[in-house]
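What follows is final.cif (mmCIF, C-alpha atoms).
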```
data_protein
#
loop_
_atom_site.label_atom_id
_atom_site.label_comp_id
_atom_site.auth_asym_id
_atom_site.auth_seq_id
_atom_site.Cartn_x
_atom_site.Cartn_y
_atom_site.Cartn_z
CA MET N 1 -22.27 2.54 -37.01
CA ALA N 2 -18.65 3.40 -37.66
CA HIS N 3 -15.62 1.23 -36.98
CA GLU N 4 -11.92 1.98 -36.53
CA THR N 5 -10.04 0.13 -39.24
CA HIS N 6 -6.50 1.50 -39.02
CA ALA N 7 -3.96 -0.74 -37.28
CA LYS N 8 -2.05 0.52 -34.25
CA THR N 9 1.72 0.30 -34.05
CA LEU N 10 4.06 0.96 -31.17
CA PRO N 11 6.33 4.01 -31.39
CA ALA N 12 10.08 3.51 -31.71
CA ASP N 13 10.73 5.07 -28.29
CA LEU N 14 9.14 3.04 -25.49
CA GLY N 15 10.73 5.01 -22.66
CA ALA N 16 8.90 7.11 -20.09
CA PRO N 17 7.64 10.43 -21.49
CA ALA N 18 9.42 13.65 -20.60
CA PHE N 19 6.70 14.84 -18.23
CA VAL N 20 7.72 12.11 -15.74
CA ASP N 21 10.65 14.42 -14.93
CA GLY N 22 8.07 17.05 -14.01
CA TRP N 23 6.31 14.58 -11.70
CA GLN N 24 9.61 13.88 -9.99
CA LYS N 25 10.46 17.56 -9.47
CA ARG N 26 7.00 18.36 -8.09
CA ALA N 27 7.19 15.39 -5.74
CA LEU N 28 10.55 16.54 -4.38
CA ILE N 29 9.24 20.08 -3.86
CA ILE N 30 6.15 18.77 -2.05
CA GLY N 31 8.31 16.47 0.06
CA LEU N 32 10.61 19.30 1.13
CA ALA N 33 7.72 21.69 1.80
CA PHE N 34 5.85 19.22 4.00
CA SER N 35 9.06 18.27 5.80
CA VAL N 36 9.39 21.91 6.84
CA ILE N 37 5.71 21.97 7.88
CA ALA N 38 6.19 18.79 9.92
CA ALA N 39 9.20 20.31 11.69
CA GLY N 40 7.17 23.42 12.51
CA LEU N 41 4.29 21.35 13.90
CA ALA N 42 6.73 19.36 16.05
CA LEU N 43 8.07 22.59 17.53
CA ALA N 44 4.54 23.87 18.15
CA ASP N 45 3.58 20.57 19.81
CA GLY N 46 6.79 20.42 21.83
CA SER N 47 7.15 16.70 21.23
CA ILE N 48 8.41 14.25 18.63
CA ASP N 49 5.90 11.55 19.61
CA HIS N 50 3.34 12.33 16.92
CA VAL N 51 6.09 12.71 14.33
CA LEU N 52 7.13 9.12 14.97
CA ARG N 53 3.56 7.84 14.93
CA ALA N 54 2.91 9.62 11.64
CA TRP N 55 6.24 8.28 10.35
CA LEU N 56 5.00 4.77 11.09
CA LEU N 57 1.85 5.51 9.07
CA GLY N 58 3.93 6.81 6.16
CA MET N 59 6.21 3.78 6.33
CA VAL N 60 3.31 1.30 6.28
CA LEU N 61 1.63 3.19 3.43
CA THR N 62 4.72 3.27 1.20
CA PHE N 63 5.52 -0.31 2.21
CA GLY N 64 2.10 -1.23 0.86
CA PHE N 65 2.85 0.45 -2.47
CA SER N 66 6.27 -1.19 -2.78
CA VAL N 67 5.73 -4.74 -1.55
CA GLY N 68 2.08 -4.67 -2.62
CA GLY N 69 3.30 -3.76 -6.11
CA LEU N 70 5.63 -6.76 -6.01
CA ALA N 71 2.76 -9.02 -4.92
CA LEU N 72 0.42 -7.77 -7.66
CA LEU N 73 3.22 -8.31 -10.19
CA MET N 74 3.46 -11.95 -9.10
CA VAL N 75 -0.32 -12.32 -9.22
CA GLN N 76 -0.28 -11.04 -12.78
CA TYR N 77 2.42 -13.48 -13.84
CA CYS N 78 0.31 -16.33 -12.48
CA SER N 79 -3.06 -15.16 -13.81
CA GLY N 80 -2.03 -13.66 -17.16
CA GLY N 81 -4.34 -11.17 -18.85
CA LYS N 82 -3.92 -8.08 -20.98
CA TRP N 83 -4.06 -5.78 -17.96
CA GLY N 84 -0.63 -7.08 -16.99
CA LEU N 85 0.95 -5.53 -20.06
CA LEU N 86 -0.22 -2.13 -18.82
CA LEU N 87 0.78 -2.54 -15.19
CA ARG N 88 3.92 -4.66 -15.38
CA ARG N 89 6.52 -1.93 -15.69
CA PRO N 90 4.86 0.44 -13.17
CA LEU N 91 4.61 -2.49 -10.73
CA GLU N 92 8.26 -3.37 -11.29
CA ALA N 93 9.18 0.25 -10.60
CA MET N 94 7.11 0.18 -7.40
CA SER N 95 8.90 -2.95 -6.22
CA ARG N 96 12.30 -1.34 -6.81
CA THR N 97 11.47 1.42 -4.30
CA LEU N 98 12.02 -1.16 -1.52
CA PRO N 99 15.40 0.40 -0.46
CA LEU N 100 13.64 3.65 0.48
CA VAL N 101 11.01 1.76 2.48
CA PHE N 102 13.85 -0.02 4.27
CA VAL N 103 15.31 3.37 5.27
CA TYR N 104 11.88 4.38 6.59
CA TRP N 105 11.75 1.14 8.59
CA VAL N 106 15.18 1.77 10.12
CA VAL N 107 13.82 5.01 11.65
CA VAL N 108 10.93 3.04 13.17
CA THR N 109 13.38 0.46 14.52
CA LEU N 110 15.45 3.17 16.20
CA SER N 111 12.27 4.52 17.84
CA LEU N 112 10.92 1.29 19.35
CA ARG N 113 10.67 2.62 22.90
CA LYS N 114 8.74 5.66 21.74
CA LEU N 115 6.24 3.68 19.68
CA TYR N 116 5.75 0.26 21.27
CA LEU N 117 4.62 -0.28 24.84
CA TRP N 118 6.21 -3.73 25.01
CA ALA N 119 9.59 -2.21 24.07
CA ALA N 120 9.30 0.63 26.58
CA VAL N 121 8.38 -1.65 29.49
CA GLY N 122 11.46 -3.32 30.90
CA ASP N 123 10.26 -4.42 34.34
CA VAL N 124 6.63 -5.49 34.01
CA SER N 125 6.02 -5.67 37.77
CA ALA N 126 7.37 -2.16 38.40
CA ALA N 127 5.35 -0.75 35.49
CA LEU N 128 2.20 -2.40 36.85
CA LYS N 129 2.74 -1.07 40.36
CA SER N 130 3.33 2.46 39.09
CA GLY N 131 0.07 2.40 37.12
CA TRP N 132 1.84 2.80 33.76
CA ILE N 133 0.20 -0.38 32.49
CA ASN N 134 -2.84 -2.36 33.64
CA GLU N 135 -3.05 -6.03 34.52
CA VAL N 136 -4.23 -7.10 31.06
CA GLN N 137 -1.31 -5.31 29.40
CA ALA N 138 1.12 -6.71 31.95
CA HIS N 139 -0.06 -10.25 31.29
CA ALA N 140 0.08 -9.80 27.50
CA ILE N 141 3.57 -8.27 27.54
CA GLU N 142 4.91 -10.98 29.85
CA PHE N 143 3.29 -13.81 27.90
CA LYS N 144 4.36 -12.48 24.47
CA ARG N 145 7.89 -11.47 25.51
CA PRO N 146 9.55 -14.30 23.51
CA MET N 147 8.04 -12.73 20.38
CA LEU N 148 7.66 -9.08 21.31
CA ASN N 149 11.23 -8.02 22.02
CA PRO N 150 13.59 -5.67 20.15
CA MET N 151 15.82 -8.46 18.84
CA ALA N 152 12.89 -10.40 17.36
CA PHE N 153 11.53 -7.17 15.84
CA VAL N 154 14.83 -6.40 14.11
CA VAL N 155 15.57 -9.96 12.96
CA THR N 156 12.05 -10.48 11.60
CA GLY N 157 12.22 -7.18 9.72
CA LEU N 158 15.63 -7.93 8.22
CA VAL N 159 14.54 -11.41 7.12
CA CYS N 160 11.37 -10.04 5.53
CA PHE N 161 13.21 -7.28 3.67
CA ALA N 162 15.81 -9.78 2.48
CA ILE N 163 13.10 -12.06 1.07
CA TRP N 164 11.24 -9.19 -0.59
CA GLY N 165 14.53 -7.88 -1.94
CA PHE N 166 15.36 -11.26 -3.45
CA TYR N 167 12.02 -11.51 -5.26
CA THR N 168 12.29 -7.91 -6.40
CA TRP N 169 15.77 -8.50 -7.83
CA ARG N 170 14.85 -11.82 -9.42
CA LEU N 171 11.62 -10.75 -11.13
CA ASN N 172 13.06 -7.46 -12.34
CA ALA N 173 16.19 -9.15 -13.71
CA LEU N 174 14.18 -11.83 -15.50
CA GLY N 175 11.87 -9.17 -16.92
CA LEU N 176 14.80 -7.55 -18.71
CA GLN N 177 16.15 -10.91 -19.89
CA ARG N 178 12.75 -11.75 -21.31
CA ASP N 179 12.76 -8.52 -23.31
CA ALA N 180 16.04 -9.48 -24.91
CA ALA N 181 15.01 -13.07 -25.67
CA SER N 182 13.57 -14.37 -28.91
CA PRO N 183 9.74 -14.28 -29.25
CA ALA N 184 9.87 -18.04 -29.84
CA THR N 185 10.92 -18.52 -26.20
CA THR N 186 7.91 -16.64 -24.80
CA PRO N 187 5.99 -19.78 -23.66
CA LYS N 188 9.05 -20.88 -21.66
CA TRP N 189 9.32 -17.45 -20.08
CA ILE N 190 5.66 -17.47 -19.10
CA LYS N 191 6.12 -20.84 -17.38
CA ARG N 192 9.29 -19.67 -15.67
CA MET N 193 7.63 -16.56 -14.29
CA GLU N 194 4.67 -18.61 -13.05
CA ASN N 195 6.97 -21.06 -11.26
CA ILE N 196 8.70 -18.23 -9.42
CA SER N 197 5.60 -16.13 -8.70
CA GLY N 198 3.32 -18.93 -7.46
CA PRO N 199 5.41 -19.81 -4.38
CA GLY N 200 6.34 -16.13 -4.13
CA ILE N 201 2.73 -15.15 -3.46
CA VAL N 202 2.57 -17.61 -0.56
CA VAL N 203 5.90 -16.36 0.81
CA TYR N 204 4.66 -12.76 0.45
CA ALA N 205 1.47 -13.50 2.39
CA ILE N 206 3.44 -15.05 5.27
CA THR N 207 6.17 -12.40 5.48
CA MET N 208 3.79 -9.49 5.02
CA SER N 209 1.57 -10.84 7.81
CA ALA N 210 4.57 -11.19 10.10
CA ALA N 211 5.69 -7.65 9.30
CA VAL N 212 2.35 -5.92 9.98
CA ILE N 213 1.86 -7.94 13.17
CA TYR N 214 5.13 -6.48 14.48
CA TRP N 215 4.78 -3.01 12.98
CA VAL N 216 1.10 -2.23 13.60
CA MET N 217 -0.74 -4.93 15.51
CA SER N 218 1.82 -5.04 18.35
CA LEU N 219 1.21 -1.34 19.08
CA ASP N 220 -1.48 -2.80 21.34
CA PRO N 221 0.09 -5.94 22.89
CA THR N 222 -3.32 -7.13 24.10
CA TRP N 223 -4.86 -7.23 20.62
CA TYR N 224 -5.03 -10.28 18.41
CA SER N 225 -6.94 -11.13 15.24
CA SER N 226 -6.78 -14.15 12.98
CA VAL N 227 -7.48 -12.09 9.84
CA TYR N 228 -5.18 -9.15 10.56
CA GLY N 229 -2.61 -10.10 7.93
CA LEU N 230 -5.32 -10.80 5.36
CA LEU N 231 -6.86 -7.37 6.01
CA PHE N 232 -3.53 -5.73 5.18
CA LEU N 233 -3.04 -7.96 2.15
CA VAL N 234 -6.37 -6.86 0.68
CA GLY N 235 -5.74 -3.28 1.77
CA GLN N 236 -2.44 -3.27 -0.10
CA ALA N 237 -4.14 -4.49 -3.28
CA TYR N 238 -6.79 -1.77 -2.76
CA GLY N 239 -4.11 0.93 -2.62
CA VAL N 240 -1.74 -0.48 -5.26
CA LEU N 241 -4.49 -0.90 -7.86
CA ALA N 242 -5.68 2.66 -7.26
CA LEU N 243 -2.14 4.04 -7.59
CA SER N 244 -1.43 1.89 -10.66
CA ILE N 245 -4.52 3.18 -12.45
CA ILE N 246 -3.50 6.77 -11.69
CA VAL N 247 -0.04 6.11 -13.13
CA VAL N 248 -1.27 4.28 -16.23
CA ILE N 249 -3.92 6.84 -17.14
CA SER N 250 -1.50 9.71 -16.51
CA LEU N 251 1.08 8.03 -18.76
CA SER N 252 -1.53 7.62 -21.49
CA LYS N 253 -1.26 11.34 -22.28
CA ALA N 254 1.82 10.43 -24.32
CA GLU N 255 3.35 7.44 -26.09
CA PRO N 256 3.65 4.52 -25.68
CA PHE N 257 0.68 4.24 -23.30
CA LYS N 258 -1.40 6.49 -25.53
CA THR N 259 -1.37 3.63 -28.02
CA ILE N 260 -1.81 0.62 -25.73
CA LEU N 261 -4.33 1.91 -23.16
CA ARG N 262 -7.75 1.01 -24.51
CA GLN N 263 -11.12 1.57 -22.85
CA THR N 264 -11.55 -2.20 -22.60
CA GLU N 265 -8.50 -2.71 -20.39
CA GLN N 266 -9.20 0.48 -18.43
CA HIS N 267 -12.68 -0.84 -17.68
CA ASP N 268 -11.20 -4.20 -16.60
CA LEU N 269 -8.84 -2.45 -14.17
CA GLY N 270 -11.78 -0.50 -12.76
CA LYS N 271 -13.73 -3.72 -12.20
CA LEU N 272 -10.74 -5.37 -10.51
CA THR N 273 -10.42 -2.37 -8.19
CA PHE N 274 -14.15 -2.56 -7.41
CA ALA N 275 -13.70 -6.22 -6.41
CA PHE N 276 -11.03 -5.29 -3.86
CA VAL N 277 -13.22 -2.48 -2.49
CA MET N 278 -15.88 -5.12 -1.82
CA LEU N 279 -13.45 -7.64 -0.34
CA ASN N 280 -11.88 -4.98 1.87
CA ILE N 281 -15.13 -4.00 3.56
CA TYR N 282 -16.24 -7.64 3.78
CA LEU N 283 -13.18 -8.64 5.81
CA ALA N 284 -13.21 -5.53 8.00
CA PHE N 285 -16.92 -5.89 8.79
CA SER N 286 -16.59 -9.66 9.38
CA GLN N 287 -13.89 -9.05 11.99
CA PHE N 288 -16.02 -6.41 13.71
CA LEU N 289 -19.18 -8.56 13.60
CA ILE N 290 -17.48 -11.61 15.10
CA ILE N 291 -15.94 -9.62 17.96
CA TRP N 292 -19.14 -7.64 18.59
CA SER N 293 -21.28 -10.78 18.72
CA GLY N 294 -18.79 -12.55 21.02
CA ASN N 295 -18.62 -9.49 23.31
CA LEU N 296 -15.61 -10.88 25.20
CA PRO N 297 -13.86 -8.53 27.67
CA GLU N 298 -10.40 -9.34 26.28
CA GLU N 299 -11.39 -8.55 22.67
CA ILE N 300 -13.71 -5.55 22.68
CA PRO N 301 -11.38 -2.86 24.17
CA TRP N 302 -9.58 -2.54 20.80
CA TYR N 303 -12.84 -1.47 19.16
CA LEU N 304 -14.04 0.55 22.15
CA ASP N 305 -10.89 2.68 21.89
CA ARG N 306 -11.82 3.36 18.24
CA ILE N 307 -15.52 4.17 18.54
CA ARG N 308 -15.80 6.17 21.77
CA GLY N 309 -15.62 9.94 21.94
CA HIS N 310 -14.58 11.69 18.75
CA TRP N 311 -13.36 8.39 17.33
CA GLY N 312 -16.99 7.67 16.54
CA VAL N 313 -16.84 10.45 13.97
CA ILE N 314 -13.56 9.09 12.57
CA ILE N 315 -14.83 5.52 12.15
CA THR N 316 -17.98 6.84 10.45
CA LEU N 317 -15.88 8.89 8.05
CA ASP N 318 -13.60 5.89 7.52
CA LEU N 319 -16.57 3.79 6.44
CA ILE N 320 -17.74 6.55 4.08
CA PHE N 321 -14.28 7.34 2.69
CA HIS N 322 -12.89 3.82 2.49
CA TRP N 323 -15.90 1.95 1.19
CA LEU N 324 -19.14 3.84 0.55
CA ILE N 325 -17.75 6.49 -1.83
CA PRO N 326 -15.54 4.22 -4.01
CA PHE N 327 -18.16 1.45 -3.97
CA THR N 328 -20.93 3.77 -5.11
CA LEU N 329 -18.86 5.46 -7.80
CA LEU N 330 -17.25 2.30 -9.19
CA LEU N 331 -20.68 0.79 -9.76
CA SER N 332 -20.89 3.08 -12.78
CA ARG N 333 -19.72 1.55 -16.05
CA ASP N 334 -19.37 4.99 -17.61
CA LEU N 335 -17.13 6.21 -14.79
CA LYS N 336 -14.77 3.25 -15.17
CA ARG N 337 -14.43 4.17 -18.86
CA ASN N 338 -13.85 7.88 -18.19
CA LYS N 339 -10.16 8.56 -17.56
CA LYS N 340 -10.52 11.77 -15.60
CA ARG N 341 -13.27 10.48 -13.32
CA LEU N 342 -11.58 7.15 -12.69
CA VAL N 343 -8.36 8.92 -11.71
CA LEU N 344 -10.27 11.10 -9.23
CA VAL N 345 -11.84 8.02 -7.63
CA CYS N 346 -8.45 6.30 -7.39
CA GLN N 347 -6.85 9.40 -5.85
CA TRP N 348 -9.63 9.37 -3.28
CA MET N 349 -8.94 5.68 -2.57
CA VAL N 350 -5.25 6.38 -1.84
CA PHE N 351 -6.32 9.09 0.61
CA ALA N 352 -8.91 6.73 2.16
CA ARG N 353 -6.23 4.07 2.65
CA ALA N 354 -4.06 6.57 4.56
CA PHE N 355 -7.09 7.69 6.61
CA ASP N 356 -7.82 4.06 7.54
CA LEU N 357 -4.21 3.56 8.70
CA PHE N 358 -4.61 6.64 10.93
CA TRP N 359 -7.64 4.96 12.52
CA LEU N 360 -5.63 1.77 13.03
CA ILE N 361 -2.52 3.42 14.51
CA GLU N 362 -3.35 6.47 16.64
CA PRO N 363 -5.89 4.94 19.12
CA ASN N 364 -3.23 2.48 20.30
CA PHE N 365 -1.60 5.26 22.33
CA LYS N 366 -2.80 6.14 25.81
CA ASP N 367 -3.35 9.82 25.10
CA ALA N 368 -5.67 9.01 22.17
CA ALA N 369 -7.40 5.78 23.23
CA GLY N 370 -11.10 6.29 23.81
CA ASN N 371 -11.18 9.85 22.56
CA LEU N 372 -9.42 11.91 19.91
CA HIS N 373 -8.12 15.27 21.09
CA PHE N 374 -6.96 17.99 18.75
CA SER N 375 -3.35 19.13 19.05
CA TRP N 376 -0.66 20.50 16.80
CA GLY N 377 0.88 17.05 16.95
CA ILE N 378 -2.16 15.33 15.47
CA LEU N 379 -1.61 17.36 12.29
CA GLU N 380 1.63 15.43 11.82
CA TYR N 381 -0.56 12.64 10.46
CA ALA N 382 -1.08 14.86 7.42
CA ALA N 383 2.34 16.49 7.11
CA VAL N 384 4.72 13.56 7.68
CA PRO N 385 3.03 10.91 5.48
CA VAL N 386 2.60 13.44 2.65
CA ALA N 387 6.32 14.20 2.77
CA MET N 388 7.24 10.52 2.88
CA VAL N 389 4.91 9.57 0.03
CA ALA N 390 6.19 12.50 -2.02
CA PHE N 391 9.80 11.32 -1.66
CA TRP N 392 8.63 7.80 -2.49
CA VAL N 393 6.93 9.09 -5.66
CA ALA N 394 10.13 10.88 -6.68
CA TYR N 395 12.09 7.64 -6.27
CA PHE N 396 9.38 5.73 -8.12
CA CYS N 397 9.69 8.15 -11.05
CA THR N 398 13.44 7.55 -11.10
CA GLN N 399 12.84 3.81 -11.36
CA LEU N 400 10.08 4.20 -13.94
CA LYS N 401 12.46 6.01 -16.29
CA THR N 402 15.07 3.25 -16.27
CA ARG N 403 13.19 0.77 -18.50
CA PRO N 404 10.95 0.68 -21.59
CA LEU N 405 7.32 0.98 -20.49
CA VAL N 406 6.12 -1.87 -22.70
CA GLN N 407 7.33 -5.45 -22.63
CA THR N 408 7.42 -6.24 -26.35
CA ASN N 409 7.63 -10.03 -25.96
CA ASP N 410 4.28 -10.21 -24.20
CA PRO N 411 1.83 -12.49 -26.08
CA HIS N 412 -1.01 -10.05 -25.41
CA LEU N 413 0.71 -7.20 -27.23
CA ALA N 414 -0.81 -7.97 -30.63
CA GLU N 415 -4.28 -8.19 -29.10
CA ILE N 416 -3.98 -4.96 -27.16
CA LEU N 417 -2.89 -3.15 -30.33
CA GLU N 418 -6.08 -4.18 -32.11
CA PRO N 419 -8.44 -1.23 -32.67
CA GLU N 420 -11.55 -0.93 -30.55
CA HIS N 421 -14.92 -0.61 -32.20
CA VAL N 422 -16.47 2.80 -31.75
CA HIS N 423 -20.24 3.04 -32.04
CA ALA N 424 -21.63 6.25 -33.39
#
```
What's the structure tokens form of this structure?
Amino acid sequence: MAHETHAKTLPADLGAPAFVDGWQKRALIIGLAFSVIAAGLALADGSIDHVLRAWLLGMVLTFGFSVGGLALLMVQYCSGGKWGLLLRRPLEAMSRTLPLVFVYWVVVTLSLRKLYLWAAVGDVSAALKSGWINEVQAHAIEFKRPMLNPMAFVVTGLVCFAIWGFYTWRLNALGLQRDAASPATTPKWIKRMENISGPGIVVYAITMSAAVIYWVMSLDPTWYSSVYGLLFLVGQAYGVLALSIIVVISLSKAEPFKTILRQTEQHDLGKLTFAFVMLNIYLAFSQFLIIWSGNLPEEIPWYLDRIRGHWGVIITLDLIFHWLIPFTLLLSRDLKRNKKRLVLVCQWMVFARAFDLFWLIEPNFKDAAGNLHFSWGILEYAAVPVAMVAFWVAYFCTQLKTRPLVQTNDPHLAEILEPEHVHA
């Protein structure tokens, strides 16, 4: 049995390594390339409808990375733990991409009539007589009109972004102030961050639920679910943890993460991700089971639109991609301790999250409900979100380079620099 005995020390330069510039350039190239592909597909399809639907998917996905990163940052401040020292600066950088997500949201707001049935229908009676909508949709739109109207959509979005922006600014500003403070003040800083983050998590849960109800759930005005916001909350943690692990392990190819990323903390992050994989499928299946067992005419059409025709193949693949594959692989202790394999699993999870959003969004539209038909437009769901995520990654890299990657006043720093025992 051999043991590491040499002590680890942080390098003098704690900034992002030079290869982050390479990530940024590649992301911009990918974003531009897929923007051109998306434009070509729109011309081939002869419509912008699928571009806007795919844009909504890309907006919700990047929103999850940005605001989900902010939420996980607050969770870490409340829970503590060595894993926070690894993720804190990447999570801060994710939260600071909120301005780009806001720009994405503005495009959605300008396209309300193209995306949302309740926004397109002005006169409910005329739309019902013409056969554009059915009686159930007419009743839902009329009943929910005080909530589902363009003004409420815009005001709710602006309020939510303002709240998220405030917490992003506050936590990021305090993070820098804490770096500059004396180590003797660390206990006070920990308490201060907890006092801000505790209520912030509650505020996040409420505002995020309101946002996804407007942005995604209201695509079908007849649909309602008491766990819809919670499903997105867990889904955001699922995606953010996967992305964070990819970033952290990729950064560990150089200093300072080469020094501070130990197998112990990597394994802990893998276990935390596994927990959210389990919670994600538990909530999704619970919602399905309750509605299936109730078998009420006003509830089941949402699922019928997503399991009939070729959607049956999609939901089967969604179950395999989103849960079965990551669940099976993350059971392995060895995989969670293997950098290359864990990154591959996390990359798959990011893809699975996007695939699940496709299943949530596309069947809401009349031309796709009940059966999925191939068209050039349907390929926009690959081209547009890839371009949007690529531009988001480029912006994230810009933010990541603005601060030291390690918070030196963290009380866990000394512990994470201790050598691990290696058994031979």
- Task: Give me the residues within 8 Å of Arg89 of chain N as a list in words, counting only C-alpha atoms and dropping any in the same chain fewer than 4 places off.
- Result: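 Once the adjacent positions are removed, what remains is Leu85, Ala93, Leu400, Arg403, Pro404, Leu405, Val406 and Gln407 of chain N.
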- N:Leu115, N:Cys78, N:Leu379, N:Leu289 ranked by distance to Leu52 of chain N, top pick (using only C-alpha atoms): N:Leu115
Take every atom of segment 154-166 of chain N listed in the file, fit an axis-aligned box around them, add 6 Å per side, and give the centre and edge lengths in Å to one decimal as lines of an AutoDock Vina configuration file.
```
center_x = 13.5
center_y = -9.2
center_z = 5.3
size_x = 16.6
size_y = 17.7
size_z = 29.6
```
- Find the residue from N:Trp55, N:Phe391, N:Trp132, N:Tyr204 that sits nearest to Ile163 of chain N; use all atoms listed in the file when measuring.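 The answer is N:Tyr204, which sits nearest to Ile163 of chain N.
Residue nearest Pro150 of chain N within the list N:Ala184, N:Leu98, N:Leu10, N:Leu110: N:Leu110 [criterion: smallest interatomic distance, all atoms listed in the file].
This file, filtered with the PyMOL selection byres ((chain N and resi 36-47) around 9), gives the residues Gly31, Leu32, Ala33, Phe34, Ser35, Ile48, Asp49, His50, Val51, Ser375, Trp376, Gly377, Ile378, Leu379, Glu380, Ala382, Ala383, Val384 and Ala387 of chain N.
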- Query: Given the choices N:Ala54, N:Leu329, N:Val345, N:Leu230, which gets closest to Ile361 of chain N if the distance is worked out from all atoms listed in the file?
  - Reply: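 Comparing N:Ala54, N:Leu329, N:Val345, N:Leu230 against Ile361 of chain N, the winner is N:Ala54.
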- Selection as an MDAnalysis selection string: residues within 6 Å of (-13.8, 5.2, -3.8), counting all atoms listed in the file: chainID N and resid 325:327 345 348:349
- Message: Please determine, counting all atoms listed in the file, which residue among N:Ala368, N:His310, N:Val136, N:Glu418 has the shortest atom-to-atom distance to Pro297 of chain N.
- Response: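 Checking each candidate against Pro297 of chain N, we get N:Val136 as the closest.
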- Task: Rank nothing, just name the residue among N:Ser332, N:Ser130, N:Ser293, N:Thr156 nearest to Ala210 of chain N, using all atoms listed in the file.
- Result: N:Thr156
- Query: Mind telling me what the PyMOL selection byres ((chain N and resi 236) around 12) catches here, as a PyMOL selection string?
  - Reply: chain N and resi 60-72+204-205+208-209+212+229-235+237-244+273+276-277+279-280+349-350+353-354+356-357
- Task: Pull the neighbourhood of (10.7, 10.0, -19.4) for me: all residues within 9 Å in file coordinates, counting all atoms listed in the file, as a VMD selection string.
- Result: chain N and resid 15 to 21 397 400 to 402
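The two atoms in question, atom CA of Gly200 of chain N and atom CA of Gly165 of chain N, are spaced 11.8 Å apart.
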- Query: Taking the file as shown, what set of residues would the PyMOL selection byres ((chain N and resi 139-146) around 12) give back, as a PyMOL selection string?
  - Reply: chain N and resi 116-125+127-128+133-138+147-153+214+218-224+298
- Near Val103 of chain N, counting only C-alpha atoms, which residues have an atom at most 12 Å away, once you skip same-chain residues fewer than 2 positions from it, shown as a list in words?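 Neighbouring residues, sequence-local ones excluded: Trp55, Leu56, Gly58, Met59, Thr62, Phe63, Thr97, Leu98, Pro99, Leu100, Val101, Trp105, Val106, Val107, Val108, Thr109, Leu110, Gly157, Leu158, Phe161, Met388, Phe391 and Trp392 of chain N.
Taking atom CA of Gln347 of chain N as the reference point, atom CA of Glu265 of chain N is found at 19.0 Å.
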Skipping near chain neighbours, those fewer than 2 positions away, what residues fall within 12 Å of Asn195 of chain N using all atoms listed in the file, listed as a tab-separated table (two decimals) with C-alpha atoms, in the coordinates of the input?
```tsv
chain	number	residue	atom	x	y	z
N	74	MET	CA	3.46	-11.95	-9.10
N	75	VAL	CA	-0.32	-12.32	-9.22
N	77	TYR	CA	2.42	-13.48	-13.84
N	78	CYS	CA	0.31	-16.33	-12.48
N	79	SER	CA	-3.06	-15.16	-13.81
N	171	LEU	CA	11.62	-10.75	-11.13
N	188	LYS	CA	9.05	-20.88	-21.66
N	189	TRP	CA	9.32	-17.45	-20.08
N	190	ILE	CA	5.66	-17.47	-19.10
N	191	LYS	CA	6.12	-20.84	-17.38
N	192	ARG	CA	9.29	-19.67	-15.67
N	193	MET	CA	7.63	-16.56	-14.29
N	197	SER	CA	5.60	-16.13	-8.70
N	198	GLY	CA	3.32	-18.93	-7.46
N	199	PRO	CA	5.41	-19.81	-4.38
N	200	GLY	CA	6.34	-16.13	-4.13
N	201	ILE	CA	2.73	-15.15	-3.46
```
- Query: Near segment 340-344 of chain N, counting only C-alpha atoms, which residues have an atom at most 8 Å away, once you skip same-chain residues fewer than 2 positions from it, shown as an NGL selection string?
  - Reply: :N and (245-246 or 249 or 270 or 335-338 or 346-348)
